[in-house]
Every structure is written in structure tokens, then in C-alpha cells.
$ cat input-v1.cif   # mmCIF, C-alpha atoms
data_data
#
loop_
_atom_site.label_atom_id
_atom_site.label_comp_id
_atom_site.auth_asym_id
_atom_site.auth_seq_id
_atom_site.Cartn_x
_atom_site.Cartn_y
_atom_site.Cartn_z
CA MET A 1 -2.14 117.50 86.75
CA LYS A 2 1.56 117.37 87.26
CA GLN A 3 2.89 117.04 90.76
CA SER A 4 5.59 119.39 91.83
CA ARG A 5 8.45 118.39 94.02
CA LYS A 6 9.48 120.54 96.85
CA CYS A 7 13.04 121.02 97.75
CA GLY A 8 14.00 118.92 100.66
CA SER A 9 11.16 116.54 100.27
CA GLY A 10 11.51 113.02 99.03
CA SER A 11 14.72 111.69 97.58
CA PRO A 12 17.26 114.36 96.84
CA SER A 13 17.73 115.04 93.21
CA LYS A 14 21.15 114.34 91.58
CA ALA A 15 22.84 117.14 89.72
CA THR A 16 24.12 116.19 86.31
CA ASP A 17 26.38 117.87 83.75
CA GLY A 18 25.24 118.82 80.33
CA SER A 19 25.87 115.35 78.98
CA GLY A 20 23.96 113.71 81.68
CA ARG A 21 27.07 112.20 83.44
CA ASP A 22 27.25 112.23 87.14
CA ALA A 23 28.93 115.46 88.22
CA ALA A 24 30.29 113.96 91.43
CA LYS A 25 32.03 111.20 89.55
CA MET A 26 33.45 113.69 87.10
CA GLY A 27 34.81 115.79 89.94
CA THR A 28 36.50 112.77 91.49
CA LYS A 29 38.16 111.80 88.20
CA THR A 30 39.27 115.36 87.61
CA ASN A 31 40.86 115.61 91.06
CA THR A 32 42.65 112.28 90.60
CA ARG A 33 44.01 113.34 87.23
CA THR A 34 45.13 116.70 88.61
CA ARG A 35 46.97 115.06 91.47
CA ALA A 36 48.66 112.68 89.06
CA ILE A 37 49.80 115.57 86.89
CA ILE A 38 51.11 117.40 89.94
CA VAL A 39 53.03 114.33 91.12
CA VAL A 40 54.57 113.81 87.68
CA ALA A 41 55.46 117.49 87.45
CA ALA A 42 57.05 117.38 90.88
CA VAL A 43 59.11 114.32 89.96
CA LEU A 44 60.28 115.99 86.77
CA LEU A 45 61.11 119.18 88.65
CA ILE A 46 63.16 117.30 91.24
CA ALA A 47 64.97 115.42 88.49
CA ALA A 48 65.68 118.68 86.71
CA ILE A 49 67.04 120.26 89.90
CA VAL A 50 69.25 117.25 90.65
CA GLY A 51 70.53 117.26 87.08
CA ALA A 52 71.25 120.97 87.21
CA VAL A 53 73.15 120.64 90.47
CA PHE A 54 75.19 117.76 89.05
CA LEU A 55 75.91 119.76 85.90
CA VAL A 56 76.97 122.83 87.88
CA ARG A 57 79.24 120.71 90.05
CA SER A 58 80.72 119.15 86.95
CA PHE A 59 81.46 122.54 85.43
CA THR A 60 82.87 123.98 88.63
CA ALA A 61 84.88 120.88 89.48
CA SER A 62 86.42 120.40 86.07
CA PRO A 63 88.64 123.50 86.12
CA ASP A 64 89.81 122.68 89.64
CA SER A 65 90.57 119.13 88.64
CA SER A 66 92.36 120.36 85.54
CA LYS A 67 94.35 122.83 87.61
CA ALA A 68 95.21 120.12 90.07
CA CYS A 69 96.43 117.86 87.27
CA ASP A 70 98.40 120.72 85.72
CA ALA A 71 99.90 121.61 89.08
CA GLN A 72 100.89 117.99 89.63
CA ALA A 73 102.45 117.78 86.17
CA ASN A 74 104.29 121.08 86.67
CA ALA A 75 105.52 119.92 90.06
CA THR A 76 106.97 116.85 88.39
CA HIS A 77 109.05 119.05 86.09
CA ALA A 78 109.69 121.86 88.59
CA PHE A 79 113.23 123.12 88.98
CA PRO A 80 114.91 121.14 91.77
CA LYS A 81 116.79 123.28 94.26
CA PHE A 82 120.50 122.61 94.75
CA SER A 83 123.66 124.38 95.87
CA PHE A 84 127.38 124.52 95.30
CA GLY A 85 128.53 124.63 98.89
CA ASP A 86 127.06 127.80 100.38
CA THR A 87 125.93 129.13 97.01
CA THR A 88 122.38 128.38 95.89
CA ILE A 89 121.95 127.86 92.16
CA THR A 90 118.70 129.51 91.17
CA GLN A 91 116.36 128.49 88.40
CA ALA A 92 117.15 131.73 86.56
CA GLU A 93 120.89 131.06 86.63
CA PHE A 94 120.57 127.43 85.55
CA THR A 95 118.28 128.42 82.68
CA GLN A 96 120.67 131.16 81.56
CA ALA A 97 123.67 128.81 81.61
CA TRP A 98 121.64 126.12 79.85
CA SER A 99 120.70 128.54 77.08
CA SER A 100 124.31 129.65 76.68
CA GLN A 101 125.38 126.04 76.04
CA ARG A 102 122.59 125.03 73.69
CA THR A 103 124.58 125.88 70.56
CA ALA A 104 127.40 123.65 71.81
CA ALA A 105 124.95 120.76 72.16
CA VAL A 106 123.59 121.29 68.66
CA SER A 107 127.12 121.34 67.23
CA TYR A 108 128.24 118.29 69.21
CA PHE A 109 125.35 116.05 68.18
CA LYS A 110 125.56 117.18 64.57
CA GLN A 111 129.26 116.37 64.33
CA LYS A 112 129.26 113.14 66.34
CA HIS A 113 125.85 111.65 65.56
CA ASP A 114 124.71 113.61 62.48
CA VAL A 115 121.56 114.69 64.35
CA ASN A 116 119.98 118.05 63.59
CA LEU A 117 118.68 119.29 66.91
CA ASN A 118 117.48 122.49 65.28
CA ALA A 119 114.89 120.56 63.29
CA ARG A 120 111.27 121.17 64.25
CA ASP A 121 110.73 117.50 65.10
CA ALA A 122 114.09 117.07 66.90
CA ASP A 123 113.84 114.77 69.92
CA TRP A 124 116.16 115.95 72.67
CA THR A 125 115.19 113.07 74.95
CA ALA A 126 116.02 110.31 72.46
CA SER A 127 119.27 108.36 72.66
CA TYR A 128 121.83 108.77 69.89
CA GLY A 129 124.76 106.41 70.20
CA GLY A 130 124.00 106.08 73.88
CA GLU A 131 123.85 109.84 74.45
CA LYS A 132 120.73 111.91 75.09
CA PRO A 133 120.95 115.60 74.13
CA VAL A 134 118.93 116.78 77.13
CA GLU A 135 121.25 114.93 79.52
CA TRP A 136 124.42 115.97 77.69
CA LEU A 137 123.37 119.62 77.77
CA THR A 138 122.37 119.44 81.43
CA LYS A 139 125.80 118.08 82.38
CA GLN A 140 127.47 120.72 80.22
CA THR A 141 125.41 123.36 82.02
CA ILE A 142 126.52 122.09 85.41
CA ASP A 143 130.17 122.11 84.31
CA THR A 144 129.74 125.67 83.07
CA LEU A 145 128.26 126.73 86.39
CA ARG A 146 131.02 125.00 88.34
CA PHE A 147 133.73 126.82 86.39
CA ARG A 148 131.86 130.12 86.68
CA HIS A 149 131.46 129.94 90.42
CA ALA A 150 135.04 128.77 90.91
CA ALA A 151 136.26 131.83 89.00
CA TYR A 152 134.02 134.13 91.01
CA LEU A 153 135.10 132.58 94.30
CA ILE A 154 138.74 133.22 93.40
CA ALA A 155 137.79 136.82 92.62
CA VAL A 156 136.01 137.04 95.99
CA SER A 157 139.18 135.90 97.75
CA TYR A 158 140.99 138.91 96.27
CA GLY A 159 138.21 141.36 96.99
CA LEU A 160 137.31 141.91 93.34
CA VAL A 161 133.63 141.07 93.86
CA ASP A 162 131.53 140.73 97.00
CA ASP A 163 130.19 137.25 96.35
CA ASP A 164 129.61 134.66 93.62
CA SER A 165 125.80 134.75 93.75
CA TYR A 166 123.71 135.17 90.62
CA THR A 167 121.81 137.94 92.38
CA GLY A 168 125.08 139.80 92.86
CA ILE A 169 125.99 139.37 89.19
CA VAL A 170 122.61 140.74 88.08
CA LYS A 171 122.92 143.74 90.41
CA ARG A 172 126.36 144.60 89.05
CA MET A 173 125.02 144.37 85.52
CA GLU A 174 122.10 146.65 86.34
CA THR A 175 124.44 149.16 87.97
CA LEU A 176 126.73 149.20 84.93
CA ASN A 177 123.80 149.61 82.54
CA ALA A 178 122.42 152.47 84.64
CA ASN A 179 125.81 154.23 84.68
CA ASN A 180 126.12 153.83 80.93
CA ARG A 181 122.67 155.33 80.41
CA GLN A 182 123.68 158.35 82.43
CA LYS A 183 126.85 158.70 80.34
CA ARG A 184 124.84 158.51 77.11
CA GLU A 185 122.44 161.17 78.34
CA ALA A 186 125.39 163.35 79.29
CA GLY A 187 127.00 162.85 75.87
CA GLN A 188 130.01 161.04 77.31
CA VAL A 189 132.00 158.40 75.44
CA ILE A 190 131.30 154.78 76.40
CA TYR A 191 133.99 152.24 75.65
CA GLY A 192 132.73 148.77 74.82
CA ARG A 193 129.07 147.86 74.98
CA SER A 194 126.70 150.49 76.23
CA GLU A 195 124.17 147.98 77.52
CA TYR A 196 124.46 144.32 78.52
CA ASP A 197 122.10 141.41 78.78
CA ILE A 198 122.94 138.86 81.45
CA THR A 199 124.83 136.48 79.15
CA SER A 200 127.04 139.17 77.61
CA TYR A 201 127.64 140.69 81.03
CA ILE A 202 128.82 137.40 82.55
CA ASP A 203 131.24 136.97 79.63
CA TYR A 204 132.45 140.54 80.09
CA GLU A 205 132.90 140.28 83.86
CA MET A 206 134.61 136.89 83.81
CA THR A 207 137.03 138.15 81.17
CA ALA A 208 137.75 141.21 83.30
CA LEU A 209 138.37 139.06 86.38
CA LYS A 210 140.67 136.79 84.41
CA ASN A 211 142.65 139.73 83.02
CA ASP A 212 142.97 141.23 86.48
CA TYR A 213 144.45 137.97 87.73
CA VAL A 214 146.67 137.26 84.73
CA ASP A 215 148.11 140.79 84.61
CA ASP A 216 149.11 140.76 88.26
CA ALA A 217 152.54 139.14 88.70
CA THR A 218 152.00 138.99 92.46
CA LYS A 219 149.23 136.45 92.17
CA PRO A 220 150.06 132.73 92.45
CA GLY A 221 151.58 131.31 89.27
CA MET A 222 151.66 134.65 87.48
CA ASN A 223 155.42 135.21 87.66
CA PRO A 224 156.91 132.34 85.62
CA SER A 225 160.65 131.89 85.52
CA GLU A 226 162.69 132.31 82.36
CA THR A 227 163.06 128.53 82.20
CA GLU A 228 159.28 128.06 82.37
CA VAL A 229 158.77 130.65 79.65
CA GLN A 230 161.34 128.91 77.43
CA GLU A 231 159.73 125.51 77.97
CA TYR A 232 156.28 126.87 77.14
CA TYR A 233 157.66 128.55 74.03
CA ASP A 234 159.35 125.32 72.90
CA THR A 235 156.14 123.25 73.17
CA HIS A 236 153.93 125.63 71.16
CA ASP A 237 153.94 127.23 67.73
CA TRP A 238 154.43 130.99 67.49
CA THR A 239 154.17 133.13 64.40
CA VAL A 240 154.52 136.79 63.53
CA ASP A 241 153.78 138.59 60.32
CA GLY A 242 156.75 138.72 57.95
CA VAL A 243 158.62 135.84 59.59
CA GLU A 244 158.60 132.38 58.08
CA GLY A 245 158.37 129.39 60.37
CA LYS A 246 158.44 129.69 64.13
CA ALA A 247 158.94 133.20 65.41
CA PRO A 248 161.96 133.84 67.66
CA LEU A 249 161.23 133.94 71.37
CA ALA A 250 162.43 137.52 71.59
CA ASP A 251 159.69 138.58 69.17
CA VAL A 252 156.84 136.82 70.96
CA LYS A 253 158.01 136.67 74.58
CA ALA A 254 155.20 138.93 75.87
CA ASN A 255 152.62 136.76 74.13
CA VAL A 256 154.24 133.60 75.50
CA LYS A 257 154.05 134.91 79.05
CA THR A 258 150.42 135.99 78.66
CA ALA A 259 149.43 132.62 77.21
CA LEU A 260 151.26 130.75 79.97
CA ARG A 261 149.65 132.87 82.68
CA THR A 262 146.22 132.44 81.12
CA GLU A 263 146.65 128.69 80.96
CA ARG A 264 147.72 128.57 84.59
CA TYR A 265 144.77 130.73 85.60
CA ARG A 266 142.34 128.38 83.82
CA GLU A 267 144.00 125.39 85.44
CA ARG A 268 143.58 126.96 88.86
CA VAL A 269 139.91 127.76 88.20
CA GLN A 270 139.29 124.27 86.82
CA SER A 271 140.98 122.69 89.84
CA LYS A 272 138.68 124.65 92.13
CA ALA A 273 135.67 123.78 89.96
CA ASP A 274 136.51 120.08 90.09
CA LYS A 275 136.30 120.23 93.87
CA ILE A 276 132.66 121.30 93.73
CA ASP A 277 130.84 118.05 94.50
CA VAL A 278 127.97 117.30 92.13
CA SER A 279 127.51 113.63 92.99
CA THR A 280 124.45 114.35 95.10
CA LEU A 281 122.75 116.73 92.68
CA PRO A 282 119.11 115.92 91.79
CA TRP A 283 120.07 114.79 88.30
CA LYS A 284 116.73 113.19 87.40
CA GLY A 285 114.91 116.34 88.40
CA LEU A 286 117.34 118.46 86.40
CA TYR A 287 116.89 116.27 83.32
CA ALA A 288 113.11 116.54 83.66
CA TYR A 289 113.27 120.31 84.05
CA ALA A 290 115.74 120.67 81.16
CA ALA A 291 113.35 118.71 78.93
CA THR A 292 110.81 121.53 79.37
CA LEU A 293 113.35 124.05 78.03
CA VAL A 294 113.80 122.39 74.65
CA GLY A 295 110.13 122.57 73.69
#
$ encode --input "input-v1.cif" --output "C-alpha cells"
Amino acid sequence: MKQSRKCGSGSPSKATDGSGRDAAKMGTKTNTRTRAIIVVAAVLLIAAIVGAVFLVRSFTASPDSSKACDAQANATHAFPKFSFGDTTITQAEFTQAWSSQRTAAVSYFKQKHDVNLNARDADWTASYGGEKPVEWLTKQTIDTLRFRHAAYLIAVSYGLVDDDSYTGIVKRMETLNANNRQKREAGQVIYGRSEYDITSYIDYEMTALKNDYVDDATKPGMNPSETEVQEYYDTHDWTVDGVEGKAPLADVKANVKTALRTERYRERVQSKADKIDVSTLPWKGLYAYAATLVG
């Protein structure tokens, strides 16, 4: 007869899994493995988070760094401020004058050094016979601006314009263009150009200021004596249609006077321009800025 065991009596029985292995041991191994997996997963998750943060910082920092580098590079080639006495030369005015003299630079270096500055691979910063195009053109630009402002300052002294500022020049151009538009709309006749860009307007206005000075005999140097007219006639060639050789003074006297007055006017403007001190100008900064204009 088989004996039955009662629960709670005798040695407690051990539960086993289907394979007969100790269930308690299996549970312990399972828990250990689970914890290990969790730890590994946590480590990987932390690594992933750190990597993501680093990547995001890299992406967000790169544009700022690039902008900072660009800003620093641009600052290096920024237009350096300078003045002619009380008159500030703006970046817009320098750039306009520089552009107006570019053709002269191309012609000069072609004739003197046989260099084609219009070529796609032209190097404006290279030295040709000891001369660098970018420096030559910058100096030419400054000379142009000196003569321009000297002429305007003379005009200011006679009340022909209010000031010699570039802002004033632009405003006068805009006013003239606006008046011409109104005339066109009204069907009125416009003599000369109907609309100006800044370069053509400066040429137009400086010519008008010169003519106003030259045609006024009351202005200094504009009323030459007969002796001065004769001497100027003698030292220059004069021709008229239908006359062989040098034309008689009587036939060209008006032209002689105009030419003499014009020469004296230019000498006066140049004398005033020469007095504009440029020895302290930021030349290196101007060369660097000018180099960005030839690209």
C-alpha cells in the first residue's frame, strides 16, 4: 500500500520545471540575465543620447562658426572710412569712382605692360613691372575723388551747389530725373538726356559747373588780357576748315579764349585738389577692399 504525503508534513517538496531543472535556479538565472540586458540597454541608450546631443551641437554650431569666419573675413576687406577734410567719402562714392576708372586701368596696363586685365584669369593683385593694377586703380580713384570734390567745393564757394557731399549729388540727380519724368508725361521737350545714372550725372553736373565758371569773366582768371591771349595762341596749333596751316588769331580768338579759360579753371581745381591731404588715408584697407571689386 502506497503511503501518501500530506502537505506540510515531512520535508517540503521541490517544484521543478518540465525538464526537471530546479525552478528556483532558473528564476535566478533569468533575473540576472534580464538585469544584464537592462544595464546594456541603458548604457547604449545613454551613449545614443550623448551622441545625438553632440551631433546636434555640431550642426547648430557649424553655421555660427561659419558665419563668424565669414564675418571676420568680410571685416578684413570692409571699406575703411576716411574723409577729405570735413567731407566723408562713402563706400558708394568710392565704388562709383573706382568703376569709372576701371577702363583707364585696363588701357594703361595693356599699353605699358601688355597685360589683358579683361581676361577671365586676370590677376589684379599681381605685380607687373613693379605696378599692381589694384593699387594703381585705387590711387587713380583717389585722385579722381580729390579733383571732383575740389571742383564741387569751388562751386559751393559761388553758391552753385549746397555742398560737395555724395548724398547731395545723388539727391540732385534724383530731382532732375523726377522733373524730366514729369516733362515726358506732360509731352514737353527735354534737351539732353532724359534720365541719368550716377556716373553720367556727375559728368553732366561737373561739366555744367565748369562752363558756369569759364563763361563768367568776373571769376578769377577768366578775363585774360590781349597779351595772354596772344601768347596762348602762339604756343598752340589752331586750324579752321578751308585754311591751310595755322589759322589766323582773328578767326579763332573765341576758341583761344575758351581754351585758355578752361585750362586755367582746371589748374585752379587741380591746385585745390592737390591740397587735399591723402598721406594718412588707410591705403592698405583701400587696397584690400578694392581687391574685392575686381572679382
$ closest_atom_pairs --input "input-v1.cif" --of "region 195-226 of chain A" --to "region 169-189 of chain A" --cutoff "9 Å" --atoms "all atoms listed in the file" --output "JSON lines"
{"residue": "A:Glu195", "atom": "CA", "partner": "A:Asn177", "partner_atom": "CA", "distance": 5.3}
{"residue": "A:Tyr196", "atom": "CA", "partner": "A:Asn177", "partner_atom": "CA", "distance": 6.7}
{"residue": "A:Asp197", "atom": "CA", "partner": "A:Met173", "partner_atom": "CA", "distance": 7.9}
{"residue": "A:Ile198", "atom": "CA", "partner": "A:Val170", "partner_atom": "CA", "distance": 6.9}
{"residue": "A:Tyr201", "atom": "CA", "partner": "A:Met173", "partner_atom": "CA", "distance": 6.4}
{"residue": "A:Ile202", "atom": "CA", "partner": "A:Ile169", "partner_atom": "CA", "distance": 7.5}
{"residue": "A:Glu205", "atom": "CA", "partner": "A:Ile169", "partner_atom": "CA", "distance": 8.8}
$ resolve_selection --input "input-v1.cif" --expression "the PyMOL selection byres ((chain A and resi 89-101) around 12)" --output "PyMOL selection string"
chain A and resi 78-88+102-108+133-149+164-170+197-203+281+286-287+289-294
$ atom_distance --input "input-v1.cif" --atom1 "CA of Tyr232 (chain A)" --atom2 "CA of Pro220 (chain A)"
17.5 Å
$ closest_atom_pairs --input "input-v1.cif" --of "region 141-236 of chain A" --to "region 255-267 of chain A" --cutoff "12 Å" --atoms "all atoms listed in the file" --output "JSON lines"
{"residue": "A:Phe147", "atom": "CA", "partner": "A:Arg266", "partner_atom": "CA", "distance": 9.1}
{"residue": "A:Arg148", "atom": "CA", "partner": "A:Arg266", "partner_atom": "CA", "distance": 11.0}
{"residue": "A:Ala150", "atom": "CA", "partner": "A:Arg266", "partner_atom": "CA", "distance": 10.2}
{"residue": "A:Ala151", "atom": "CA", "partner": "A:Arg266", "partner_atom": "CA", "distance": 8.7}
{"residue": "A:Ile154", "atom": "CA", "partner": "A:Tyr265", "partner_atom": "CA", "distance": 10.2}
{"residue": "A:Ala155", "atom": "CA", "partner": "A:Tyr265", "partner_atom": "CA", "distance": 11.6}
{"residue": "A:Met206", "atom": "CA", "partner": "A:Arg266", "partner_atom": "CA", "distance": 11.5}
{"residue": "A:Thr207", "atom": "CA", "partner": "A:Thr262", "partner_atom": "CA", "distance": 10.8}
{"residue": "A:Leu209", "atom": "CA", "partner": "A:Tyr265", "partner_atom": "CA", "distance": 10.5}
{"residue": "A:Lys210", "atom": "CA", "partner": "A:Tyr265", "partner_atom": "CA", "distance": 7.4}
{"residue": "A:Asn211", "atom": "CA", "partner": "A:Thr262", "partner_atom": "CA", "distance": 8.3}
{"residue": "A:Asp212", "atom": "CA", "partner": "A:Tyr265", "partner_atom": "CA", "distance": 10.7}
{"residue": "A:Tyr213", "atom": "CA", "partner": "A:Tyr265", "partner_atom": "CA", "distance": 7.6}
{"residue": "A:Val214", "atom": "CA", "partner": "A:Arg261", "partner_atom": "CA", "distance": 5.7}
{"residue": "A:Asp215", "atom": "CA", "partner": "A:Thr258", "partner_atom": "CA", "distance": 8.0}
{"residue": "A:Asp216", "atom": "CA", "partner": "A:Arg261", "partner_atom": "CA", "distance": 9.7}
{"residue": "A:Ala217", "atom": "CA", "partner": "A:Arg261", "partner_atom": "CA", "distance": 9.2}
{"residue": "A:Thr218", "atom": "CA", "partner": "A:Arg261", "partner_atom": "CA", "distance": 11.8}
{"residue": "A:Lys219", "atom": "CA", "partner": "A:Tyr265", "partner_atom": "CA", "distance": 9.8}
{"residue": "A:Pro220", "atom": "CA", "partner": "A:Tyr265", "partner_atom": "CA", "distance": 8.9}
{"residue": "A:Gly221", "atom": "CA", "partner": "A:Arg264", "partner_atom": "CA", "distance": 6.7}
{"residue": "A:Met222", "atom": "CA", "partner": "A:Arg261", "partner_atom": "CA", "distance": 5.5}
{"residue": "A:Asn223", "atom": "CA", "partner": "A:Arg261", "partner_atom": "CA", "distance": 8.0}
{"residue": "A:Pro224", "atom": "CA", "partner": "A:Lys257", "partner_atom": "CA", "distance": 7.6}
{"residue": "A:Ser225", "atom": "CA", "partner": "A:Lys257", "partner_atom": "CA", "distance": 9.7}
{"residue": "A:Glu226", "atom": "CA", "partner": "A:Lys257", "partner_atom": "CA", "distance": 9.6}
{"residue": "A:Thr227", "atom": "CA", "partner": "A:Lys257", "partner_atom": "CA", "distance": 11.5}
{"residue": "A:Glu228", "atom": "CA", "partner": "A:Leu260", "partner_atom": "CA", "distance": 8.8}
{"residue": "A:Val229", "atom": "CA", "partner": "A:Lys257", "partner_atom": "CA", "distance": 6.4}
{"residue": "A:Gln230", "atom": "CA", "partner": "A:Val256", "partner_atom": "CA", "distance": 8.7}
{"residue": "A:Glu231", "atom": "CA", "partner": "A:Val256", "partner_atom": "CA", "distance": 10.1}
{"residue": "A:Tyr232", "atom": "CA", "partner": "A:Leu260", "partner_atom": "CA", "distance": 6.9}
{"residue": "A:Tyr233", "atom": "CA", "partner": "A:Val256", "partner_atom": "CA", "distance": 6.3}
{"residue": "A:Asp234", "atom": "CA", "partner": "A:Val256", "partner_atom": "CA", "distance": 10.1}
{"residue": "A:Thr235", "atom": "CA", "partner": "A:Val256", "partner_atom": "CA", "distance": 10.8}
{"residue": "A:His236", "atom": "CA", "partner": "A:Val256", "partner_atom": "CA", "distance": 9.1}
$ build_atoms --input "input-v1.cif" --residues "region 200-230 of chain A" --atoms "N, CA and C atoms" --output "compact mmCIF listing (two decimals), in the frame of the given file"
# COMPACT_ATOMS: atom_id res chain seq x y z
N SER A 200 125.88 138.37 78.04
CA SER A 200 127.04 139.17 77.61
C SER A 200 127.74 139.78 78.81
N TYR A 201 126.99 140.11 79.85
CA TYR A 201 127.64 140.69 81.03
C TYR A 201 128.50 139.66 81.76
N ILE A 202 128.02 138.44 81.89
CA ILE A 202 128.82 137.40 82.55
C ILE A 202 130.12 137.18 81.78
N ASP A 203 130.03 137.13 80.45
CA ASP A 203 131.24 136.97 79.63
C ASP A 203 132.20 138.14 79.87
N TYR A 204 131.63 139.33 79.89
CA TYR A 204 132.45 140.54 80.09
C TYR A 204 133.11 140.53 81.46
N GLU A 205 132.34 140.22 82.51
CA GLU A 205 132.90 140.28 83.86
C GLU A 205 133.92 139.18 84.11
N MET A 206 133.65 137.97 83.61
CA MET A 206 134.61 136.89 83.81
C MET A 206 135.92 137.15 83.07
N THR A 207 135.81 137.78 81.90
CA THR A 207 137.03 138.15 81.17
C THR A 207 137.81 139.21 81.94
N ALA A 208 137.09 140.17 82.52
CA ALA A 208 137.75 141.21 83.30
C ALA A 208 138.44 140.63 84.54
N LEU A 209 137.77 139.69 85.19
CA LEU A 209 138.37 139.06 86.38
C LEU A 209 139.59 138.23 86.01
N LYS A 210 139.51 137.56 84.88
CA LYS A 210 140.67 136.79 84.41
C LYS A 210 141.84 137.71 84.10
N ASN A 211 141.57 138.80 83.38
CA ASN A 211 142.65 139.73 83.02
C ASN A 211 143.28 140.36 84.25
N ASP A 212 142.44 140.66 85.25
CA ASP A 212 142.97 141.23 86.48
C ASP A 212 143.94 140.26 87.15
N TYR A 213 143.60 138.98 87.12
CA TYR A 213 144.45 137.97 87.73
C TYR A 213 145.73 137.76 86.91
N VAL A 214 145.54 137.58 85.61
CA VAL A 214 146.67 137.26 84.73
C VAL A 214 147.69 138.40 84.67
N ASP A 215 147.22 139.64 84.73
CA ASP A 215 148.11 140.79 84.61
C ASP A 215 148.82 141.17 85.90
N ASP A 216 148.50 140.45 86.96
CA ASP A 216 149.11 140.76 88.26
C ASP A 216 150.17 139.71 88.59
N ALA A 217 151.43 140.08 88.48
CA ALA A 217 152.54 139.14 88.70
C ALA A 217 152.64 138.69 90.15
N THR A 218 151.94 139.37 91.05
CA THR A 218 152.00 138.99 92.46
C THR A 218 151.05 137.84 92.81
N LYS A 219 150.18 137.53 91.91
CA LYS A 219 149.23 136.45 92.17
C LYS A 219 149.89 135.10 91.90
N PRO A 220 149.44 134.06 92.60
CA PRO A 220 150.06 132.73 92.45
C PRO A 220 150.15 132.27 91.00
N GLY A 221 151.36 131.86 90.59
CA GLY A 221 151.58 131.31 89.27
C GLY A 221 151.74 132.34 88.17
N MET A 222 151.64 133.62 88.51
CA MET A 222 151.66 134.65 87.48
C MET A 222 153.04 135.29 87.26
N ASN A 223 154.06 134.71 87.87
CA ASN A 223 155.42 135.21 87.66
C ASN A 223 156.33 134.05 87.27
N PRO A 224 156.12 133.51 86.04
CA PRO A 224 156.91 132.34 85.62
C PRO A 224 158.38 132.69 85.44
N SER A 225 159.20 131.70 85.67
CA SER A 225 160.65 131.89 85.52
C SER A 225 161.01 131.89 84.04
N GLU A 226 162.24 132.30 83.75
CA GLU A 226 162.69 132.31 82.36
C GLU A 226 162.70 130.88 81.79
N THR A 227 163.04 129.93 82.64
CA THR A 227 163.06 128.53 82.20
C THR A 227 161.65 128.07 81.83
N GLU A 228 160.68 128.44 82.63
CA GLU A 228 159.28 128.06 82.37
C GLU A 228 158.77 128.71 81.09
N VAL A 229 159.17 129.95 80.88
CA VAL A 229 158.77 130.65 79.65
C VAL A 229 159.38 129.97 78.43
N GLN A 230 160.67 129.59 78.53
CA GLN A 230 161.34 128.91 77.43
C GLN A 230 160.68 127.58 77.13
